[in-house]
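Enquirer: Got a structure for you, questions after.
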Amino acid sequence: MPRHVPTRLSVRCPWCHAPTGEPCTVPSNGRRLPTPHDARLTAVSTDVEAPPAHQDPP
Ligand SMILES: [Zn+2]
């Protein structure tokens with residue numbers, strides 16, 4: 001069974017710029033974080049739920 005990879009990693013972290021599929025890190029020392037940054041979680045939910053911003057009126 002492969003290592004658990006949270007779906008949070010399906011987007012690039014806008015905070016630490018961890019690439020897609022890579023865990024968040026601390027930019028100053030390169031340490032991997034056990035949990036993604038909040039900004040990344042927000043980016044995921046934004047990406048997944050993608051609210052209809054500009055729909056043409058019927
Ligand atoms: Zn991050």
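A note on labels: chains of the structure tokens are A, B, ... as shown, every chain counts residues from 1, and ligands are counted from 1 in their shown order.
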Counting only C-alpha atoms and all ligand atoms, which residues of chain A fall within 6 Å of ligand 1, and what is the closest atom pair for each with its distance in Å at one decimal, ordered by chain and rising number, as a Markdown table?
Expert:
| residue | atom | partner | partner_atom_place_in_ligand_line | distance |
| --- | --- | --- | --- | --- |
| A:Cys13 | CA | ligand 1 | 1 (Zn) | 4.6 |
| A:Trp15 | CA | ligand 1 | 1 (Zn) | 5.0 |
| A:Cys16 | CA | ligand 1 | 1 (Zn) | 4.2 |
| A:Ala18 | CA | ligand 1 | 1 (Zn) | 5.7 |
| A:Cys24 | CA | ligand 1 | 1 (Zn) | 3.9 |
| A:Thr25 | CA | ligand 1 | 1 (Zn) | 5.9 |
| A:Pro36 | CA | ligand 1 | 1 (Zn) | 5.4 |
| A:His37 | CA | ligand 1 | 1 (Zn) | 4.5 |
Enquirer: Could you jot down the CA of Val11 in chain A to CA of Val44 in chain A separation for me, Å, one decimal place?
Expert: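 Rounded to one decimal, the two atoms are 6.2 Å apart.
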